[in-house]
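With mmCIF, C-alpha atoms; chains and numbers go by the auth columns inside, this is start_26.cif:
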```cif
data_target
#
loop_
_atom_site.group_PDB
_atom_site.id
_atom_site.type_symbol
_atom_site.label_atom_id
_atom_site.label_comp_id
_atom_site.label_asym_id
_atom_site.label_seq_id
_atom_site.Cartn_x
_atom_site.Cartn_y
_atom_site.Cartn_z
_atom_site.B_iso_or_equiv
_atom_site.auth_seq_id
_atom_site.auth_asym_id
ATOM 1 C CA MET A 1 0.000 0.000 0.000 0.00 16 Y
ATOM 2 C CA PRO A 2 1.476 3.414 -0.902 0.00 17 Y
ATOM 3 C CA ALA A 3 2.750 5.482 1.994 0.00 18 Y
ATOM 4 C CA ASN A 4 0.520 8.428 1.071 0.00 19 Y
ATOM 5 C CA ALA A 5 -2.529 6.167 1.401 0.00 20 Y
ATOM 6 C CA LEU A 6 -1.649 5.413 5.054 0.00 21 Y
ATOM 7 C CA ALA A 7 -1.156 9.057 5.999 0.00 22 Y
ATOM 8 C CA PRO A 8 -4.815 9.800 6.930 0.00 23 Y
ATOM 9 C CA ARG A 9 -4.949 6.700 9.142 0.00 24 Y
ATOM 10 C CA ARG A 10 -1.705 7.605 10.924 0.00 25 Y
ATOM 11 C CA HIS A 11 -2.996 11.131 11.409 0.00 26 Y
ATOM 12 C CA PHE A 12 -6.202 9.816 12.993 0.00 27 Y
ATOM 13 C CA TRP A 13 -4.354 7.624 15.512 0.00 28 Y
ATOM 14 C CA ARG A 14 -1.929 10.416 16.399 0.00 29 Y
ATOM 15 C CA ARG A 15 -4.892 12.642 17.050 0.00 30 Y
ATOM 16 C CA PHE A 16 -6.596 9.899 19.113 0.00 31 Y
ATOM 17 C CA ARG A 17 -3.486 9.377 21.280 0.00 32 Y
ATOM 18 C CA ARG A 18 -3.336 13.113 21.908 0.00 33 Y
ATOM 19 C CA HIS A 19 -6.863 12.914 23.277 0.00 34 Y
ATOM 20 C CA LEU A 20 -6.493 9.695 25.252 0.00 35 Y
ATOM 21 C CA LEU A 21 -7.183 11.395 28.600 0.00 36 Y
ATOM 22 C CA PRO A 22 -10.427 13.048 27.405 0.00 37 Y
ATOM 23 C CA THR A 23 -11.488 9.724 25.929 0.00 38 Y
ATOM 24 C CA LEU A 24 -10.941 7.917 29.233 0.00 39 Y
ATOM 25 C CA ALA A 25 -12.870 10.673 31.013 0.00 40 Y
ATOM 26 C CA VAL A 26 -15.780 10.196 28.614 0.00 41 Y
ATOM 27 C CA LEU A 27 -15.772 6.441 29.239 0.00 42 Y
ATOM 28 C CA VAL A 28 -16.146 7.106 32.961 0.00 43 Y
ATOM 29 C CA LEU A 29 -18.476 10.114 32.939 0.00 44 Y
ATOM 30 C CA VAL A 30 -21.046 9.102 30.335 0.00 45 Y
ATOM 31 C CA PRO A 31 -22.073 5.792 31.990 0.00 46 Y
ATOM 32 C CA SER A 32 -22.152 7.583 35.354 0.00 47 Y
ATOM 33 C CA PHE A 33 -24.411 10.356 34.052 0.00 48 Y
ATOM 34 C CA ILE A 34 -26.721 7.804 32.422 0.00 49 Y
ATOM 35 C CA SER A 35 -26.849 5.781 35.660 0.00 50 Y
ATOM 36 C CA PHE A 36 -27.697 8.874 37.734 0.00 51 Y
ATOM 37 C CA GLY A 37 -30.484 9.711 35.295 0.00 52 Y
ATOM 38 C CA GLN A 38 -31.918 6.202 35.498 0.00 53 Y
ATOM 39 C CA TRP A 39 -31.807 6.381 39.295 0.00 54 Y
ATOM 40 C CA GLN A 40 -33.855 9.592 39.322 0.00 55 Y
ATOM 41 C CA TRP A 41 -36.256 8.119 36.740 0.00 56 Y
ATOM 42 C CA ARG A 42 -36.808 5.042 38.932 0.00 57 Y
ATOM 43 C CA LYS A 43 -37.457 7.261 41.968 0.00 58 Y
ATOM 44 C CA ALA A 44 -40.104 9.128 39.994 0.00 59 Y
ATOM 45 C CA GLY A 45 -41.640 5.824 38.904 0.00 60 Y
ATOM 46 C CA ALA A 46 -41.714 4.511 42.470 0.00 61 Y
ATOM 47 C CA LYS A 47 -43.485 7.663 43.672 0.00 62 Y
ATOM 48 C CA GLU A 48 -45.992 7.415 40.842 0.00 63 Y
ATOM 49 C CA SER A 49 -46.724 3.775 41.744 0.00 64 Y
ATOM 50 C CA LEU A 50 -47.307 4.690 45.388 0.00 65 Y
ATOM 51 C CA GLN A 51 -49.656 7.500 44.391 0.00 66 Y
ATOM 52 C CA THR A 52 -51.590 5.130 42.140 0.00 67 Y
ATOM 53 C CA LEU A 53 -51.925 2.683 45.035 0.00 68 Y
ATOM 54 C CA LEU A 54 -53.064 5.448 47.403 0.00 69 Y
ATOM 55 C CA ASP A 55 -55.680 6.693 44.936 0.00 70 Y
ATOM 56 C CA ALA A 56 -57.000 3.161 44.391 0.00 71 Y
ATOM 57 C CA ARG A 57 -57.261 2.349 48.086 0.00 72 Y
ATOM 58 C CA ASN A 58 -58.794 5.704 48.938 0.00 73 Y
ATOM 59 C CA ALA A 59 -61.671 4.711 46.673 0.00 74 Y
ATOM 60 C CA GLU A 60 -62.275 1.558 48.746 0.00 75 Y
ATOM 61 C CA PRO A 61 -64.431 1.491 51.909 0.00 76 Y
ATOM 62 C CA PRO A 62 -62.526 1.797 55.213 0.00 77 Y
ATOM 63 C CA VAL A 63 -61.548 -1.311 57.137 0.00 78 Y
ATOM 64 C CA SER A 64 -61.416 -1.855 60.893 0.00 79 Y
ATOM 65 C CA MET A 65 -57.981 -2.077 62.442 0.00 80 Y
ATOM 66 C CA PRO A 66 -57.775 -5.637 63.832 0.00 81 Y
ATOM 67 C CA ASP A 67 -56.305 -6.418 67.224 0.00 82 Y
ATOM 68 C CA SER A 68 -54.171 -9.175 65.650 0.00 83 Y
ATOM 69 C CA VAL A 69 -50.884 -8.211 64.021 0.00 84 Y
ATOM 70 C CA VAL A 70 -51.257 -6.982 60.435 0.00 85 Y
ATOM 71 C CA GLU A 71 -49.035 -7.305 57.378 0.00 86 Y
ATOM 72 C CA PRO A 72 -47.735 -3.791 56.616 0.00 87 Y
ATOM 73 C CA GLU A 73 -47.836 -3.964 52.817 0.00 88 Y
ATOM 74 C CA SER A 74 -51.385 -5.323 52.757 0.00 89 Y
ATOM 75 C CA MET A 75 -52.478 -2.355 54.904 0.00 90 Y
ATOM 76 C CA ARG A 76 -50.460 0.346 53.152 0.00 91 Y
ATOM 77 C CA PHE A 77 -52.643 3.359 52.273 0.00 92 Y
ATOM 78 C CA ARG A 78 -55.870 1.671 53.325 0.00 93 Y
ATOM 79 C CA ARG A 79 -58.456 3.842 55.014 0.00 94 Y
ATOM 80 C CA VAL A 80 -58.933 2.454 58.498 0.00 95 Y
ATOM 81 C CA VAL A 81 -61.168 2.908 61.507 0.00 96 Y
ATOM 82 C CA ALA A 82 -59.927 2.080 64.993 0.00 97 Y
ATOM 83 C CA ARG A 83 -61.526 2.258 68.446 0.00 98 Y
ATOM 84 C CA GLY A 84 -59.558 2.516 71.635 0.00 99 Y
ATOM 85 C CA THR A 85 -57.987 4.870 74.157 0.00 100 Y
ATOM 86 C CA TYR A 86 -55.024 7.182 73.714 0.00 101 Y
ATOM 87 C CA GLU A 87 -52.037 6.640 76.024 0.00 102 Y
ATOM 88 C CA PRO A 88 -50.166 9.955 76.237 0.00 103 Y
ATOM 89 C CA ARG A 89 -47.659 8.457 78.688 0.00 104 Y
ATOM 90 C CA TYR A 90 -45.938 6.790 75.714 0.00 105 Y
ATOM 91 C CA GLN A 91 -46.455 9.645 73.286 0.00 106 Y
ATOM 92 C CA ILE A 92 -43.530 10.893 71.198 0.00 107 Y
ATOM 93 C CA LEU A 93 -42.836 14.116 69.323 0.00 108 Y
ATOM 94 C CA ILE A 94 -41.014 13.744 66.001 0.00 109 Y
ATOM 95 C CA ASP A 95 -38.660 16.711 65.758 0.00 110 Y
ATOM 96 C CA ASN A 96 -37.770 18.921 62.791 0.00 111 Y
ATOM 97 C CA ARG A 97 -41.079 18.628 60.948 0.00 112 Y
ATOM 98 C CA ILE A 98 -41.652 21.681 58.761 0.00 113 Y
ATOM 99 C CA HIS A 99 -45.019 23.234 57.937 0.00 114 Y
ATOM 100 C CA ARG A 100 -45.104 26.389 55.836 0.00 115 Y
ATOM 101 C CA GLU A 101 -41.459 27.055 56.608 0.00 116 Y
ATOM 102 C CA GLN A 102 -42.030 26.818 60.375 0.00 117 Y
ATOM 103 C CA ALA A 103 -40.327 24.185 62.505 0.00 118 Y
ATOM 104 C CA GLY A 104 -42.379 21.924 64.721 0.00 119 Y
ATOM 105 C CA TYR A 105 -43.221 18.359 65.670 0.00 120 Y
ATOM 106 C CA HIS A 106 -45.450 15.513 64.601 0.00 121 Y
ATOM 107 C CA VAL A 107 -47.429 14.236 67.575 0.00 122 Y
ATOM 108 C CA VAL A 108 -47.496 10.430 67.637 0.00 123 Y
ATOM 109 C CA THR A 109 -49.679 8.813 70.285 0.00 124 Y
ATOM 110 C CA PRO A 110 -50.307 5.109 70.883 0.00 125 Y
ATOM 111 C CA LEU A 111 -53.931 4.010 70.754 0.00 126 Y
ATOM 112 C CA ARG A 112 -54.753 0.951 72.828 0.00 127 Y
ATOM 113 C CA LEU A 113 -57.180 -1.003 70.685 0.00 128 Y
ATOM 114 C CA GLU A 114 -60.494 -1.748 72.336 0.00 129 Y
ATOM 115 C CA GLY A 115 -60.537 -5.186 73.978 0.00 130 Y
ATOM 116 C CA SER A 116 -56.846 -5.799 73.269 0.00 131 Y
ATOM 117 C CA ASP A 117 -53.394 -5.246 74.693 0.00 132 Y
ATOM 118 C CA ARG A 118 -52.097 -4.232 71.272 0.00 133 Y
ATOM 119 C CA ARG A 119 -51.459 -0.605 70.376 0.00 134 Y
ATOM 120 C CA VAL A 120 -51.290 1.216 67.084 0.00 135 Y
ATOM 121 C CA LEU A 121 -49.411 4.478 66.733 0.00 136 Y
ATOM 122 C CA VAL A 122 -51.462 7.430 65.516 0.00 137 Y
ATOM 123 C CA ASN A 123 -49.791 10.429 63.911 0.00 138 Y
ATOM 124 C CA ARG A 124 -52.119 13.194 65.055 0.00 139 Y
ATOM 125 C CA GLY A 125 -50.473 15.916 62.975 0.00 140 Y
ATOM 126 C CA TRP A 126 -48.158 18.890 63.292 0.00 141 Y
ATOM 127 C CA VAL A 127 -47.722 21.365 66.133 0.00 142 Y
ATOM 128 C CA PRO A 128 -45.333 24.348 66.138 0.00 143 Y
ATOM 129 C CA ALA A 129 -42.170 24.324 68.220 0.00 144 Y
ATOM 130 C CA LEU A 130 -41.706 26.845 71.000 0.00 145 Y
ATOM 131 C CA ALA A 131 -39.260 29.714 70.626 0.00 146 Y
ATOM 132 C CA ASP A 132 -37.110 28.002 73.240 0.00 147 Y
ATOM 133 C CA HIS A 133 -36.485 24.608 71.681 0.00 148 Y
ATOM 134 C CA ALA A 134 -35.350 23.258 75.033 0.00 149 Y
ATOM 135 C CA HIS A 135 -39.014 23.196 76.058 0.00 150 Y
ATOM 136 C CA GLN A 136 -41.771 21.120 74.494 0.00 151 Y
ATOM 137 C CA PRO A 137 -45.202 22.361 73.471 0.00 152 Y
ATOM 138 C CA ALA A 138 -48.190 21.347 75.573 0.00 153 Y
ATOM 139 C CA VAL A 139 -50.254 18.742 73.727 0.00 154 Y
ATOM 140 C CA ALA A 140 -53.866 18.064 74.681 0.00 155 Y
ATOM 141 C CA THR A 141 -55.035 14.461 74.317 0.00 156 Y
ATOM 142 C CA PRO A 142 -58.650 13.224 74.433 0.00 157 Y
ATOM 143 C CA THR A 143 -59.448 10.756 77.208 0.00 158 Y
ATOM 144 C CA GLY A 144 -61.731 7.750 77.240 0.00 159 Y
ATOM 145 C CA LEU A 145 -62.875 5.517 74.409 0.00 160 Y
ATOM 146 C CA ILE A 146 -62.529 7.194 71.046 0.00 161 Y
ATOM 147 C CA GLU A 147 -62.941 6.274 67.390 0.00 162 Y
ATOM 148 C CA ILE A 148 -60.410 7.465 64.870 0.00 163 Y
ATOM 149 C CA GLN A 149 -60.317 7.471 61.079 0.00 164 Y
ATOM 150 C CA GLY A 150 -57.172 7.709 59.050 0.00 165 Y
ATOM 151 C CA THR A 151 -54.822 6.129 56.546 0.00 166 Y
ATOM 152 C CA ALA A 152 -52.468 3.287 57.399 0.00 167 Y
ATOM 153 C CA VAL A 153 -48.888 3.867 56.283 0.00 168 Y
ATOM 154 C CA ALA A 154 -45.853 1.635 56.449 0.00 169 Y
ATOM 155 C CA PRO A 155 -43.097 3.661 58.128 0.00 170 Y
ATOM 156 C CA SER A 156 -39.751 4.155 56.458 0.00 171 Y
ATOM 157 C CA THR A 157 -36.736 2.237 57.748 0.00 172 Y
ATOM 158 C CA ARG A 158 -34.190 4.637 56.215 0.00 173 Y
ATOM 159 C CA TYR A 159 -33.446 7.844 58.080 0.00 174 Y
ATOM 160 C CA PHE A 160 -31.100 10.785 58.134 0.00 175 Y
ATOM 161 C CA THR A 161 -30.099 11.109 61.786 0.00 176 Y
ATOM 162 C CA LEU A 162 -28.139 13.961 63.344 0.00 177 Y
ATOM 163 C CA GLY A 163 -26.001 11.908 65.712 0.00 178 Y
ATOM 164 C CA ALA A 164 -26.863 8.707 67.511 0.00 179 Y
ATOM 165 C CA GLU A 165 -30.326 8.291 68.939 0.00 180 Y
ATOM 166 C CA THR A 166 -30.420 8.008 72.717 0.00 181 Y
ATOM 167 C CA PRO A 167 -31.810 4.603 73.721 0.00 182 Y
ATOM 168 C CA HIS A 168 -34.818 4.468 76.008 0.00 183 Y
ATOM 169 C CA ASP A 169 -33.870 4.244 79.667 0.00 184 Y
ATOM 170 C CA ASP A 170 -36.566 3.482 82.247 0.00 185 Y
ATOM 171 C CA SER A 171 -34.487 5.043 85.009 0.00 186 Y
ATOM 172 C CA ALA A 172 -34.331 8.349 83.117 0.00 187 Y
ATOM 173 C CA GLY A 173 -38.012 8.377 82.218 0.00 188 Y
ATOM 174 C CA TRP A 174 -39.719 8.273 78.860 0.00 189 Y
ATOM 175 C CA GLN A 175 -37.853 10.059 76.078 0.00 190 Y
ATOM 176 C CA THR A 176 -40.457 12.237 74.372 0.00 191 Y
ATOM 177 C CA VAL A 177 -38.592 13.919 71.499 0.00 192 Y
ATOM 178 C CA TRP A 178 -37.317 11.679 68.724 0.00 193 Y
ATOM 179 C CA GLN A 179 -35.574 12.601 65.495 0.00 194 Y
ATOM 180 C CA ASN A 180 -37.380 9.969 63.437 0.00 195 Y
ATOM 181 C CA LEU A 181 -40.418 7.741 63.731 0.00 196 Y
ATOM 182 C CA ASP A 182 -38.489 4.499 64.115 0.00 197 Y
ATOM 183 C CA LEU A 183 -41.172 1.908 64.722 0.00 198 Y
ATOM 184 C CA ALA A 184 -38.722 -0.901 65.493 0.00 199 Y
ATOM 185 C CA ARG A 185 -37.040 1.262 68.106 0.00 200 Y
ATOM 186 C CA TYR A 186 -40.404 2.204 69.593 0.00 201 Y
ATOM 187 C CA ALA A 187 -41.550 -1.419 69.792 0.00 202 Y
ATOM 188 C CA GLY A 188 -38.329 -2.282 71.604 0.00 203 Y
ATOM 189 C CA ALA A 189 -38.807 0.537 74.115 0.00 204 Y
ATOM 190 C CA VAL A 190 -42.286 -0.464 75.324 0.00 205 Y
ATOM 191 C CA ALA A 191 -43.640 -3.538 77.051 0.00 206 Y
ATOM 192 C CA PHE A 192 -46.734 -3.996 74.865 0.00 207 Y
ATOM 193 C CA PRO A 193 -47.232 -5.234 71.275 0.00 208 Y
ATOM 194 C CA VAL A 194 -47.432 -2.580 68.570 0.00 209 Y
ATOM 195 C CA GLN A 195 -48.955 -2.835 65.116 0.00 210 Y
ATOM 196 C CA PRO A 196 -46.289 -2.536 62.357 0.00 211 Y
ATOM 197 C CA VAL A 197 -48.186 0.326 60.691 0.00 212 Y
ATOM 198 C CA ILE A 198 -48.932 3.901 61.663 0.00 213 Y
ATOM 199 C CA ILE A 199 -52.251 5.663 61.202 0.00 214 Y
ATOM 200 C CA GLN A 200 -52.141 9.176 59.782 0.00 215 Y
ATOM 201 C CA LEU A 201 -55.186 10.797 61.328 0.00 216 Y
ATOM 202 C CA ALA A 202 -57.644 11.945 58.669 0.00 217 Y
ATOM 203 C CA PRO A 203 -58.016 15.738 58.306 0.00 218 Y
ATOM 204 C CA GLU A 204 -61.769 15.427 58.914 0.00 219 Y
ATOM 205 C CA SER A 205 -61.348 13.348 62.093 0.00 220 Y
ATOM 206 C CA SER A 206 -62.193 15.055 65.374 0.00 221 Y
ATOM 207 C CA ALA A 207 -60.152 12.595 67.450 0.00 222 Y
ATOM 208 C CA GLY A 208 -57.658 15.043 68.910 0.00 223 Y
ATOM 209 C CA GLY A 209 -55.843 16.006 65.734 0.00 224 Y
ATOM 210 C CA PHE A 210 -53.632 18.958 64.874 0.00 225 Y
ATOM 211 C CA ILE A 211 -52.507 20.256 61.465 0.00 226 Y
ATOM 212 C CA ARG A 212 -52.735 17.307 59.072 0.00 227 Y
ATOM 213 C CA ASP A 213 -51.424 18.415 55.721 0.00 228 Y
ATOM 214 C CA TRP A 214 -50.143 14.988 54.703 0.00 229 Y
ATOM 215 C CA PRO A 215 -47.828 15.010 51.654 0.00 230 Y
ATOM 216 C CA ARG A 216 -48.772 13.070 48.538 0.00 231 Y
ATOM 217 C CA PRO A 217 -46.514 10.120 47.633 0.00 232 Y
ATOM 218 C CA ASP A 218 -45.855 11.715 44.226 0.00 233 Y
ATOM 219 C CA GLU A 219 -44.875 15.058 45.743 0.00 234 Y
ATOM 220 C CA ARG A 220 -42.020 16.684 43.798 0.00 235 Y
ATOM 221 C CA ILE A 221 -42.055 13.948 41.157 0.00 236 Y
ATOM 222 C CA GLU A 222 -41.342 16.644 38.553 0.00 237 Y
ATOM 223 C CA ARG A 223 -38.049 17.360 40.286 0.00 238 Y
ATOM 224 C CA HIS A 224 -36.908 13.738 39.859 0.00 239 Y
ATOM 225 C CA LEU A 225 -37.915 13.759 36.193 0.00 240 Y
ATOM 226 C CA GLY A 226 -36.091 17.060 35.698 0.00 241 Y
ATOM 227 C CA TYR A 227 -32.955 15.675 37.326 0.00 242 Y
ATOM 228 C CA ALA A 228 -33.150 12.553 35.134 0.00 243 Y
ATOM 229 C CA PHE A 229 -33.227 14.593 31.912 0.00 244 Y
ATOM 230 C CA GLN A 230 -30.510 16.860 33.296 0.00 245 Y
ATOM 231 C CA TRP A 231 -28.155 13.925 33.891 0.00 246 Y
ATOM 232 C CA TRP A 232 -28.895 12.487 30.457 0.00 247 Y
ATOM 233 C CA GLY A 233 -28.252 15.932 28.977 0.00 248 Y
ATOM 234 C CA PHE A 234 -24.847 15.952 30.676 0.00 249 Y
ATOM 235 C CA ALA A 235 -24.102 12.578 29.063 0.00 250 Y
ATOM 236 C CA ALA A 236 -25.081 13.803 25.604 0.00 251 Y
ATOM 237 C CA ALA A 237 -23.145 17.061 26.005 0.00 252 Y
ATOM 238 C CA THR A 238 -20.046 15.143 27.137 0.00 253 Y
ATOM 239 C CA VAL A 239 -20.154 12.942 24.034 0.00 254 Y
ATOM 240 C CA LEU A 240 -20.630 15.938 21.736 0.00 255 Y
ATOM 241 C CA ILE A 241 -17.752 17.851 23.323 0.00 256 Y
ATOM 242 C CA TRP A 242 -15.517 14.783 23.033 0.00 257 Y
ATOM 243 C CA LEU A 243 -16.382 14.355 19.359 0.00 258 Y
ATOM 244 C CA ALA A 244 -15.705 18.030 18.706 0.00 259 Y
ATOM 245 C CA ILE A 245 -12.283 17.776 20.341 0.00 260 Y
ATOM 246 C CA LEU A 246 -11.457 14.513 18.585 0.00 261 Y
ATOM 247 C CA LEU A 247 -12.436 15.683 15.100 0.00 262 Y
ATOM 248 C CA ARG A 248 -11.099 19.208 15.379 0.00 263 Y
ATOM 249 C CA ARG A 249 -8.523 19.897 12.682 0.00 264 Y
ATOM 250 C CA GLN A 250 -5.186 21.017 14.140 0.00 265 Y
ATOM 251 C CA PRO A 251 -3.326 23.915 12.446 0.00 266 Y
ATOM 252 C CA GLY A 252 -0.787 22.611 9.942 0.00 267 Y
ATOM 253 C CA ASN A 253 -2.328 19.128 9.769 0.00 268 Y
ATOM 254 C CA PRO A 254 -3.236 17.727 6.381 0.00 269 Y
ATOM 255 C CA ARG A 255 -6.851 17.524 5.365 0.00 270 Y
#
```
As structure tokens, what does this structure read like?
Amino acid sequence: MPANALAPRRHFWRRFRRHLLPTLAVLVLVPSFISFGQWQWRKAGAKESLQTLLDARNAEPPVSMPDSVVEPESMRFRRVVARGTYEPRYQILIDNRIHREQAGYHVVTPLRLEGSDRRVLVNRGWVPALADHAHQPAVATPTGLIEIQGTAVAPSTRYFTLGAETPHDDSAGWQTVWQNLDLARYAGAVAFPVQPVIIQLAPESSAGGFIRDWPRPDERIERHLGYAFQWWGFAAATVLIWLAILLRRQPGNPR
């Protein structure tokens, strides 16, 4: 083969070797950007599936909360009715809950189910924090037999915790303020059985509720979709920039 016929090929490989580092960077960055986009897309899909389930179960008639242990997934988002008595002695306040840019607590009170030793935790809603965060707000709790309506939710098991949680200590008294609603931790801190679901008190219920502006499962789904397309855009832009650098004609190089 004539030497002049090999010149364009040699020129291409010289140019490729000059851009070896950008090429390696592209091989690392592009799959990473695509993976990040897929992760955000899956998060949006998971939220959409939960919202679909909530909408479907909201259309069903409410069920009575049994005194036998329930399966959390079978109860997720079901409208429930429960009768029993609140036990404020074992009430907890979930810290750092925000409502309209104001810090406060979610009030979570165990309800002893009528005719049973089993309790179910009831999230009664949001109350504002005091100016002095070292003090806790006074929380009124109805007494006697009461009927509540709400939605059963399966609590998260993944939390962001600022430091280690202090374990319950009987000698120090009941710890009221918690960073997260850790149901496993709660069940280990009390001497009675607890249902593995939590009831979010319905906004229309008069059973001792506070502000109950419960978020939708698909809240901020647009943000996840936007992030997904943003990551994929980064991948496409990286490839285009790499191609532009690779194919750019250097001064003095032959055509």
| Given the PyMOL selection byres ((chain Y and resi 113) around 12), the residues it picks as a ChimeraX atom specification | /Y:109-112,114-121,140-144,226-230
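If you look at CA of Gln164 (chain Y) and CA of Pro77 (chain Y), they are 8.5 Å away from each other.
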| task | Evaluate the PyMOL selection byres ((chain Y and resi 82) around 8) here and jot the selected residues down as a VMD selection string. | result | chain Y and resid 80 to 81 83 to 84 128 131 133
Emit the selected residues as a PDB file, in the coordinates of the input, including C-alpha atoms.
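For reference, again.pdb as written:
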```pdb
ATOM      1  CA  MET Y  80     -57.981  -2.077  62.442  1.00  0.00           C
ATOM      2  CA  PRO Y  81     -57.775  -5.637  63.832  1.00  0.00           C
ATOM      3  CA  SER Y  83     -54.171  -9.175  65.650  1.00  0.00           C
ATOM      4  CA  VAL Y  84     -50.884  -8.211  64.021  1.00  0.00           C
ATOM      5  CA  LEU Y 128     -57.180  -1.003  70.685  1.00  0.00           C
ATOM      6  CA  SER Y 131     -56.846  -5.799  73.269  1.00  0.00           C
ATOM      7  CA  ARG Y 133     -52.097  -4.232  71.272  1.00  0.00           C
TER       8      ARG Y 133
END
```
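CA of Pro170 (chain Y) is found 21.8 Å from CA of His239 (chain Y).
Distances from Y:Val45, Y:Val192, Y:Ala59, Y:Ala155 to Leu240 (chain Y) were compared using all atoms listed in the file, and the smallest one belongs to Y:Ala59.
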| said: Env of Arg139 (chain Y): 12 Å cut, atoms = all atoms listed in the file, seq-sep filter 4 positions within chain, self excluded. Answer as a VMD selection string. | reply: chain Y and resid 101 103 106 to 109 120 to 126 154 to 157 163 to 166 213 to 229
Per residue of region 33-150 of chain Y within 12 Å of region 249-254 of chain Y, record the nearest atom pair and its distance in Å to one decimal, counting all atoms listed in the file, with rows in chain order and ascending residue number, as a tab-separated table.
```
residue	atom	partner	partner_atom	distance
Y:Pro37	CA	Y:Thr253	CA	9.8
Y:Thr38	CA	Y:Val254	CA	9.4
Y:Leu39	CA	Y:Val254	CA	11.7
Y:Ala40	CA	Y:Thr253	CA	9.3
Y:Val41	CA	Y:Thr253	CA	6.7
Y:Leu42	CA	Y:Val254	CA	9.4
Y:Val43	CA	Y:Ala250	CA	10.4
Y:Leu44	CA	Y:Ala250	CA	7.3
Y:Val45	CA	Y:Ala250	CA	4.8
Y:Pro46	CA	Y:Ala250	CA	7.7
Y:Ser47	CA	Y:Ala250	CA	8.3
Y:Phe48	CA	Y:Ala250	CA	5.5
Y:Ile49	CA	Y:Ala250	CA	6.4
Y:Ser50	CA	Y:Ala250	CA	9.9
Y:Phe51	CA	Y:Ala250	CA	10.1
Y:Gly52	CA	Y:Ala250	CA	9.4
Y:Gln53	CA	Y:Ala250	CA	12.0
```
| message | Just want the 8 Å neighbourhood of Thr100 (chain Y), counted on all atoms listed in the file, with same-chain residues fewer than 3 positions away dropped. Output as a PyMOL selection string. | response | chain Y and resi 126-129+158-161
| query | At a cut-off of 8 Å from (-43.2, 12.7, 39.1) in the coordinates of the file, what residues are picked up using all atoms listed in the file, written as a count of residues only? | reply | 12
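Taking only C-alpha atoms into account, Arg134 (chain Y) lies nearest to Y:Pro208 out of the set Y:Pro87, Y:Pro232, Y:Pro208, Y:Pro152.
Interatomic distance, CA of Val95 (chain Y) against CA of Ala71 (chain Y): 14.3 Å.
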| message | I need the residue nearest Leu136 (chain Y) from this list: Y:Gln210, Y:Glu162, Y:Met90, Y:Gln151. Use only C-alpha atoms for the distance. | response | Y:Gln210
Please return region 33-46 of chain Y, rebuilt to N, CA and C atoms, as a JSON list (two decimals), in the frame of the given file.
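As a result, part20.json now contains:
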```json
[["chain", "number", "residue", "atom", "x", "y", "z"],
["Y", 33, "ARG", "N", -3.40, 11.80, 21.25],
["Y", 33, "ARG", "CA", -3.34, 13.11, 21.91],
["Y", 33, "ARG", "C", -4.52, 13.35, 22.83],
["Y", 34, "HIS", "N", -5.64, 12.71, 22.51],
["Y", 34, "HIS", "CA", -6.86, 12.91, 23.28],
["Y", 34, "HIS", "C", -7.23, 11.67, 24.09],
["Y", 35, "LEU", "N", -6.22, 10.92, 24.48],
["Y", 35, "LEU", "CA", -6.49, 9.70, 25.25],
["Y", 35, "LEU", "C", -7.14, 10.02, 26.59],
["Y", 36, "LEU", "N", -6.63, 11.04, 27.30],
["Y", 36, "LEU", "CA", -7.18, 11.40, 28.60],
["Y", 36, "LEU", "C", -8.65, 11.84, 28.49],
["Y", 37, "PRO", "N", -9.00, 12.73, 27.55],
["Y", 37, "PRO", "CA", -10.43, 13.05, 27.40],
["Y", 37, "PRO", "C", -11.28, 11.84, 27.07],
["Y", 38, "THR", "N", -10.72, 10.92, 26.29],
["Y", 38, "THR", "CA", -11.49, 9.72, 25.93],
["Y", 38, "THR", "C", -11.77, 8.87, 27.16],
["Y", 39, "LEU", "N", -10.73, 8.69, 28.00],
["Y", 39, "LEU", "CA", -10.94, 7.92, 29.23],
["Y", 39, "LEU", "C", -11.96, 8.60, 30.14],
["Y", 40, "ALA", "N", -11.90, 9.95, 30.19],
["Y", 40, "ALA", "CA", -12.87, 10.67, 31.01],
["Y", 40, "ALA", "C", -14.29, 10.45, 30.51],
["Y", 41, "VAL", "N", -14.46, 10.44, 29.18],
["Y", 41, "VAL", "CA", -15.78, 10.20, 28.61],
["Y", 41, "VAL", "C", -16.27, 8.80, 28.97],
["Y", 42, "LEU", "N", -15.38, 7.82, 28.93],
["Y", 42, "LEU", "CA", -15.77, 6.44, 29.24],
["Y", 42, "LEU", "C", -16.21, 6.28, 30.69],
["Y", 43, "VAL", "N", -15.74, 7.15, 31.56],
["Y", 43, "VAL", "CA", -16.15, 7.11, 32.96],
["Y", 43, "VAL", "C", -17.40, 7.96, 33.19],
["Y", 44, "LEU", "N", -17.40, 9.17, 32.63],
["Y", 44, "LEU", "CA", -18.48, 10.11, 32.94],
["Y", 44, "LEU", "C", -19.80, 9.74, 32.29],
["Y", 45, "VAL", "N", -19.78, 9.35, 31.03],
["Y", 45, "VAL", "CA", -21.05, 9.10, 30.34],
["Y", 45, "VAL", "C", -21.86, 7.99, 30.99],
["Y", 46, "PRO", "N", -21.26, 6.81, 31.29],
["Y", 46, "PRO", "CA", -22.07, 5.79, 31.99],
["Y", 46, "PRO", "C", -22.56, 6.26, 33.36]]
```
